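A.B. asks: The structure file target12.csv (CSV, C-alpha atoms) is provided below.
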```csv
chain,number,residue,atom,x,y,z
A,1,MET,CA,80.1,110.9,95.2
A,2,SER,CA,78.9,114.0,97.0
A,3,ILE,CA,80.0,114.6,100.6
A,4,ASP,CA,76.4,114.6,101.8
A,5,LEU,CA,75.8,111.2,100.2
A,6,LEU,CA,79.0,109.9,101.6
A,7,ARG,CA,78.1,111.0,105.1
A,8,SER,CA,74.6,109.4,104.7
A,9,LEU,CA,75.9,106.1,103.4
A,10,ASN,CA,78.5,105.9,106.1
A,11,SER,CA,75.8,106.5,108.7
A,12,GLU,CA,73.5,103.9,107.3
A,13,LYS,CA,76.3,101.4,107.5
A,14,GLY,CA,76.8,102.2,111.2
A,15,GLY,CA,79.6,104.7,110.9
A,16,HIS,CA,79.9,108.3,112.1
A,17,ILE,CA,81.3,111.5,110.6
A,18,ASP,CA,81.3,114.4,112.9
A,19,PRO,CA,79.5,117.5,111.5
A,20,SER,CA,82.7,119.5,112.1
A,21,ALA,CA,84.9,117.1,110.1
A,22,SER,CA,86.1,118.2,106.7
A,23,LEU,CA,86.2,115.8,103.7
A,24,THR,CA,87.1,116.8,100.2
A,25,ALA,CA,84.8,115.9,97.3
A,26,ASN,CA,87.0,113.2,95.9
A,27,VAL,CA,87.7,111.3,99.2
A,28,THR,CA,86.8,107.6,99.2
A,29,LEU,CA,85.5,105.9,102.3
A,30,GLU,CA,84.7,102.2,102.8
A,31,PRO,CA,81.9,102.4,105.3
A,32,PRO,CA,81.6,102.1,108.2
A,33,CYS,CA,84.2,104.6,109.4
A,34,PHE,CA,84.5,106.9,112.4
A,35,VAL,CA,85.7,110.4,111.7
A,36,GLY,CA,85.9,112.6,114.8
A,37,LYS,CA,85.4,116.2,115.6
A,38,GLY,CA,87.6,118.6,113.6
A,39,ALA,CA,89.3,115.8,111.7
A,40,SER,CA,90.0,116.3,107.9
A,41,ILE,CA,90.7,114.0,104.9
A,42,GLY,CA,92.3,115.5,101.9
A,43,HIS,CA,92.1,115.1,98.1
A,44,ARG,CA,92.3,111.7,96.5
A,45,SER,CA,92.7,110.0,99.9
A,46,LYS,CA,91.1,106.6,100.5
A,47,VAL,CA,90.1,105.2,103.9
A,48,GLY,CA,89.3,101.5,104.6
A,49,LYS,CA,86.4,100.0,106.6
A,50,TYR,CA,86.3,100.4,110.4
A,51,ALA,CA,88.9,103.1,110.4
A,52,PHE,CA,88.8,105.2,113.6
A,53,ILE,CA,90.1,108.7,113.0
A,54,ASN,CA,90.1,110.6,116.2
A,55,ALA,CA,89.4,114.3,116.8
A,56,ASP,CA,91.6,116.9,115.1
A,57,SER,CA,93.6,114.4,113.1
A,58,ILE,CA,94.5,115.3,109.5
A,59,ILE,CA,94.9,112.9,106.6
A,60,TYR,CA,96.4,115.0,103.8
A,61,ALA,CA,96.1,114.4,100.1
A,62,ASN,CA,96.9,111.2,98.3
A,63,VAL,CA,96.9,108.9,101.3
A,64,THR,CA,95.6,105.3,101.1
A,65,MET,CA,94.7,103.7,104.5
A,66,GLY,CA,93.6,100.1,104.9
A,67,ARG,CA,91.0,98.5,107.1
A,68,TYR,CA,90.8,98.5,110.9
A,69,CYS,CA,93.2,101.4,111.4
A,70,ALA,CA,93.0,103.5,114.6
A,71,LEU,CA,94.3,107.0,114.9
A,72,GLY,CA,94.8,109.0,118.2
A,73,ARG,CA,94.1,112.7,118.5
A,74,PHE,CA,96.0,115.2,116.5
A,75,VAL,CA,97.7,112.6,114.2
A,76,GLU,CA,98.9,114.0,110.8
A,77,ILE,CA,99.5,111.6,107.9
A,78,GLY,CA,101.0,112.6,104.5
A,79,LEU,CA,102.7,115.9,105.5
A,80,ALA,CA,103.8,118.0,102.5
A,81,SER,CA,107.1,117.5,100.9
A,82,HIS,CA,109.2,120.6,100.2
A,83,PRO,CA,112.2,120.8,97.8
A,84,LEU,CA,115.4,120.9,99.8
A,85,ASP,CA,117.8,121.6,96.9
A,86,PHE,CA,115.9,124.5,95.3
A,87,LEU,CA,116.8,128.1,96.1
A,88,SER,CA,114.0,128.1,98.6
A,89,THR,CA,111.8,125.5,100.3
A,90,HIS,CA,108.9,128.0,100.2
A,91,HIS,CA,105.7,127.8,98.1
A,92,LEU,CA,107.3,130.6,96.0
A,93,THR,CA,109.1,128.0,93.8
A,94,ILE,CA,106.3,125.4,93.4
A,95,SER,CA,102.9,126.9,93.9
A,96,LYS,CA,100.7,130.0,93.2
A,97,GLY,CA,99.0,129.5,96.5
A,98,PRO,CA,98.6,130.8,99.1
A,99,PHE,CA,99.1,134.3,97.6
A,100,VAL,CA,97.0,134.1,94.4
A,101,ARG,CA,96.2,137.8,94.6
A,102,ASP,CA,99.8,138.9,94.6
A,103,LYS,CA,100.9,139.3,91.0
A,104,ASP,CA,104.6,139.2,91.7
A,105,PHE,CA,104.2,135.9,93.7
A,106,GLU,CA,101.8,134.4,91.1
A,107,SER,CA,104.1,135.2,88.2
A,108,ALA,CA,107.2,133.8,89.7
A,109,THR,CA,108.7,130.7,88.1
A,110,LYS,CA,107.0,127.5,89.3
A,111,ILE,CA,108.9,124.2,89.2
A,112,PRO,CA,106.9,121.0,88.9
A,113,TRP,CA,106.8,119.4,92.3
A,114,GLN,CA,104.7,116.6,93.9
A,115,VAL,CA,103.8,118.1,97.3
A,116,HIS,CA,102.0,115.0,98.4
A,117,PRO,CA,103.5,111.8,96.9
A,118,GLU,CA,101.4,108.7,97.7
A,119,THR,CA,101.4,107.7,101.4
A,120,ILE,CA,100.3,104.1,102.2
A,121,ILE,CA,99.0,103.0,105.6
A,122,GLY,CA,98.4,99.3,105.8
A,123,ASN,CA,95.6,97.4,107.5
A,124,ASP,CA,95.3,97.1,111.3
A,125,VAL,CA,97.7,100.0,111.9
A,126,TRP,CA,97.6,101.9,115.3
A,127,ILE,CA,99.0,105.4,115.2
A,128,GLY,CA,99.3,107.2,118.6
A,129,ALA,CA,98.3,110.7,119.4
A,130,LYS,CA,100.2,113.6,117.8
A,131,ALA,CA,102.3,111.3,115.6
A,132,CYS,CA,103.3,112.7,112.2
A,133,ILE,CA,104.0,110.6,109.1
A,134,VAL,CA,105.6,112.4,106.1
A,135,SER,CA,104.3,111.9,102.6
A,136,GLY,CA,105.7,109.1,100.4
A,137,VAL,CA,106.1,106.7,103.3
A,138,THR,CA,104.6,103.2,103.6
A,139,VAL,CA,103.5,101.9,107.0
A,140,GLY,CA,103.0,98.1,106.8
A,141,ASP,CA,100.1,96.0,108.0
A,142,GLY,CA,99.8,95.6,111.7
A,143,ALA,CA,102.4,98.2,112.6
A,144,VAL,CA,102.3,100.5,115.6
A,145,VAL,CA,103.4,104.2,115.6
A,146,ALA,CA,104.0,105.5,119.2
A,147,ALA,CA,102.5,108.8,120.3
A,148,GLY,CA,104.4,111.8,119.3
A,149,SER,CA,106.6,110.0,116.7
A,150,VAL,CA,107.8,111.5,113.5
A,151,VAL,CA,107.9,108.8,110.8
A,152,THR,CA,110.2,109.7,107.9
A,153,LYS,CA,110.8,106.3,106.4
A,154,ASP,CA,108.9,103.0,105.6
A,155,VAL,CA,107.8,100.9,108.6
A,156,PRO,CA,107.8,97.1,108.2
A,157,PRO,CA,104.6,95.1,108.9
A,158,TYR,CA,103.9,94.5,112.6
A,159,MET,CA,106.8,96.7,113.6
A,160,ILE,CA,106.5,99.1,116.6
A,161,VAL,CA,108.3,102.4,116.0
A,162,GLY,CA,108.7,105.5,118.1
A,163,GLY,CA,110.7,108.7,118.5
A,164,ASN,CA,111.8,111.7,116.4
A,165,PRO,CA,112.8,110.5,113.9
A,166,ALA,CA,110.9,107.2,114.5
A,167,ARG,CA,113.1,104.1,115.0
A,168,GLU,CA,112.2,100.4,115.2
A,169,ILE,CA,111.6,99.3,118.8
A,170,ARG,CA,110.5,95.7,118.3
A,171,SER,CA,108.2,93.5,116.3
A,172,ARG,CA,104.8,92.7,117.7
A,173,PHE,CA,105.3,89.0,116.9
A,174,ASP,CA,108.1,86.7,115.8
A,175,LYS,CA,108.7,86.5,112.1
A,176,PHE,CA,106.9,83.2,111.6
A,177,ILE,CA,103.7,84.6,113.1
A,178,VAL,CA,104.1,87.8,111.1
A,179,GLU,CA,104.4,85.8,107.9
A,180,ARG,CA,101.4,83.8,108.7
A,181,LEU,CA,99.2,86.9,109.5
A,182,LEU,CA,100.3,88.5,106.2
A,183,ASP,CA,99.4,85.4,104.4
A,184,LEU,CA,96.0,85.0,106.1
A,185,LYS,CA,95.0,88.7,105.6
A,186,TRP,CA,92.3,88.5,108.3
A,187,TRP,CA,91.1,92.1,107.5
A,188,ASP,CA,89.8,90.9,104.1
A,189,ILE,CA,87.6,88.3,105.7
A,190,PRO,CA,83.9,89.3,106.4
A,191,LEU,CA,83.6,90.4,110.0
A,192,ASN,CA,80.7,88.0,110.7
A,193,LEU,CA,83.1,85.1,110.1
A,194,ILE,CA,85.8,86.3,112.6
A,195,ASN,CA,83.9,88.3,115.3
A,196,THR,CA,84.1,85.4,117.8
A,197,LEU,CA,87.8,84.7,117.5
A,198,PRO,CA,89.8,84.4,120.7
A,199,PHE,CA,91.5,87.7,120.0
A,200,ASP,CA,93.9,87.5,123.0
A,201,ASP,CA,95.3,84.2,121.8
A,202,ILE,CA,97.3,84.8,118.6
A,203,GLN,CA,98.1,81.1,118.0
A,204,ALA,CA,94.5,80.1,118.3
A,205,CYS,CA,93.5,82.9,116.1
A,206,ILE,CA,95.9,81.8,113.4
A,207,GLU,CA,94.6,78.3,113.6
A,208,LYS,CA,91.0,79.3,113.3
A,209,LEU,CA,91.7,81.9,110.5
A,210,ALA,CA,93.4,79.1,108.5
A,211,ILE,CA,90.3,77.0,108.8
A,212,ILE,CA,88.1,79.9,107.8
A,213,ARG,CA,90.3,80.7,104.8
A,214,GLU,CA,90.2,77.0,103.7
A,215,ASP,CA,86.4,76.9,104.0
A,216,MET,CA,86.2,80.2,102.0
A,217,GLY,CA,88.4,78.7,99.3
A,218,GLN,CA,86.3,75.5,99.0
A,219,GLU,CA,83.1,77.6,98.8
A,220,SER,CA,84.7,79.7,96.1
A,221,GLU,CA,85.7,76.6,94.1
A,222,GLU,CA,82.1,75.2,94.4
A,223,GLN,CA,80.6,78.5,93.1
A,224,GLN,CA,83.0,78.5,90.1
A,225,ARG,CA,82.0,74.9,89.2
A,226,GLU,CA,78.3,75.9,89.4
A,227,ARG,CA,78.7,78.6,86.8
```
Give the structure from the file, written as structure tokens.
C.D. replies:
Amino acid sequence: MSIDLLRSLNSEKGGHIDPSASLTANVTLEPPCFVGKGASIGHRSKVGKYAFINADSIIYANVTMGRYCALGRFVEIGLASHPLDFLSTHHLTISKGPFVRDKDFESATKIPWQVHPETIIGNDVWIGAKACIVSGVTVGDGAVVAAGSVVTKDVPPYMIVGGNPAREIRSRFDKFIVERLLDLKWWDIPLNLINTLPFDDIQACIEKLAIIREDMGQESEEQQRER
């Protein structure tokens, strides 16, 4: 899909992509999304519905982000991985760029290296301003990354992390609530079915989500029988 078509479709669905934002041709967006001023999304990255990507944030190549994620300003996700056990950590050993017009640099031995291994950001993840997440990391559903943090390892679902390097601070909920939320996967439910939930009462939300899920299951069974 062309960038112009992607922008148009996102706008039609109620989203916004700032004219100054940069998207590569093979980006996938599930509209609507908000992509702020100066933000960029790299090659092969996928962004879920209702993502809020604030100004000047960077999503590098090969990042998959779920639904209802919110990024503060100057967030960077999927930072490049450099070889630590080679002679040099520099591009010299792994890439012809950024000196493609220098014959000596271009002809140097290049060792196969995945600069941006897959980075996964779950659903309903909040990432504070100026946080950095290295490539190859998985941040679980419902997690929170404090502003200015540097995430170098996986973050469990619904865990709050912070610092450099980021460390676990506490879980948003007890393990029983976390397990229930992961089972219910509210982010996969059509918004029109959940937009009147009492969002500030987690127990009430879980009870109502369970009923919604049960009704959806019954409806699905009826549809299958009618086929």
A.B. asks: Please provide as a PyMOL selection string all residues within 12 Å of A:Ile194, with the sequence filter that same-chain residues fewer than 2 positions apart are discarded (counting only C-alpha atoms).
C.D. replies: chain A and resi 185-192+196-199+205-213
A.B. asks: Keeping C-alpha atoms for every residue in the selection just given, could you write it to a file as a short mmCIF file (atom, residue, chain, number, x, y, z; two decimals), in the coordinates of the input?
C.D. replies:
```
data_model
loop_
_atom_site.label_atom_id
_atom_site.label_comp_id
_atom_site.auth_asym_id
_atom_site.auth_seq_id
_atom_site.Cartn_x
_atom_site.Cartn_y
_atom_site.Cartn_z
CA LYS A 185 95.00 88.70 105.60
CA TRP A 186 92.30 88.50 108.30
CA TRP A 187 91.10 92.10 107.50
CA ASP A 188 89.80 90.90 104.10
CA ILE A 189 87.60 88.30 105.70
CA PRO A 190 83.90 89.30 106.40
CA LEU A 191 83.60 90.40 110.00
CA ASN A 192 80.70 88.00 110.70
CA THR A 196 84.10 85.40 117.80
CA LEU A 197 87.80 84.70 117.50
CA PRO A 198 89.80 84.40 120.70
CA PHE A 199 91.50 87.70 120.00
CA CYS A 205 93.50 82.90 116.10
CA ILE A 206 95.90 81.80 113.40
CA GLU A 207 94.60 78.30 113.60
CA LYS A 208 91.00 79.30 113.30
CA LEU A 209 91.70 81.90 110.50
CA ALA A 210 93.40 79.10 108.50
CA ILE A 211 90.30 77.00 108.80
CA ILE A 212 88.10 79.90 107.80
CA ARG A 213 90.30 80.70 104.80
#
```
A.B. asks: The residues within 12 Å of (83.5, 117.0, 101.7), using all atoms listed in the file and the coordinates of the file, should be reported as an MDAnalysis selection string; which are they?
C.D. replies: chainID A and resid 1:7 17:29 39:45
A.B. asks: Which polymer residues, whether protein, DNA or RNA, lie within 9 Å of the coordinate (89.5, 101.1, 103.4) when you count all atoms listed in the file? List them as JSON, numbers by chain, using the chain letters and numbers from the file.
C.D. replies: {"A": [28, 29, 30, 31, 33, 46, 47, 48, 49, 50, 51, 64, 65, 66, 67, 68, 69, 123]}
A.B. asks: One number please: atom CA of A:Ala55 to atom CA of A:Ile121, in Å, one decimal.
C.D. replies: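 Taking atom CA of A:Ala55 as the start and atom CA of A:Ile121 as the end point, the length is 18.6 Å.
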A.B. asks: Point out the residue among A:Val139, A:Met216, A:Gln114, A:Ser149 with the least atom-to-atom distance to A:Leu184, counting all atoms listed in the file.
C.D. replies: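 Smallest separation from A:Leu184 among the options: A:Met216.
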A.B. asks: Just give me the gap between atom CA of A:Ser8 and atom CA of A:Ile58 in Å, one decimal is fine.
C.D. replies: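 These atoms are spaced 21.3 Å apart.
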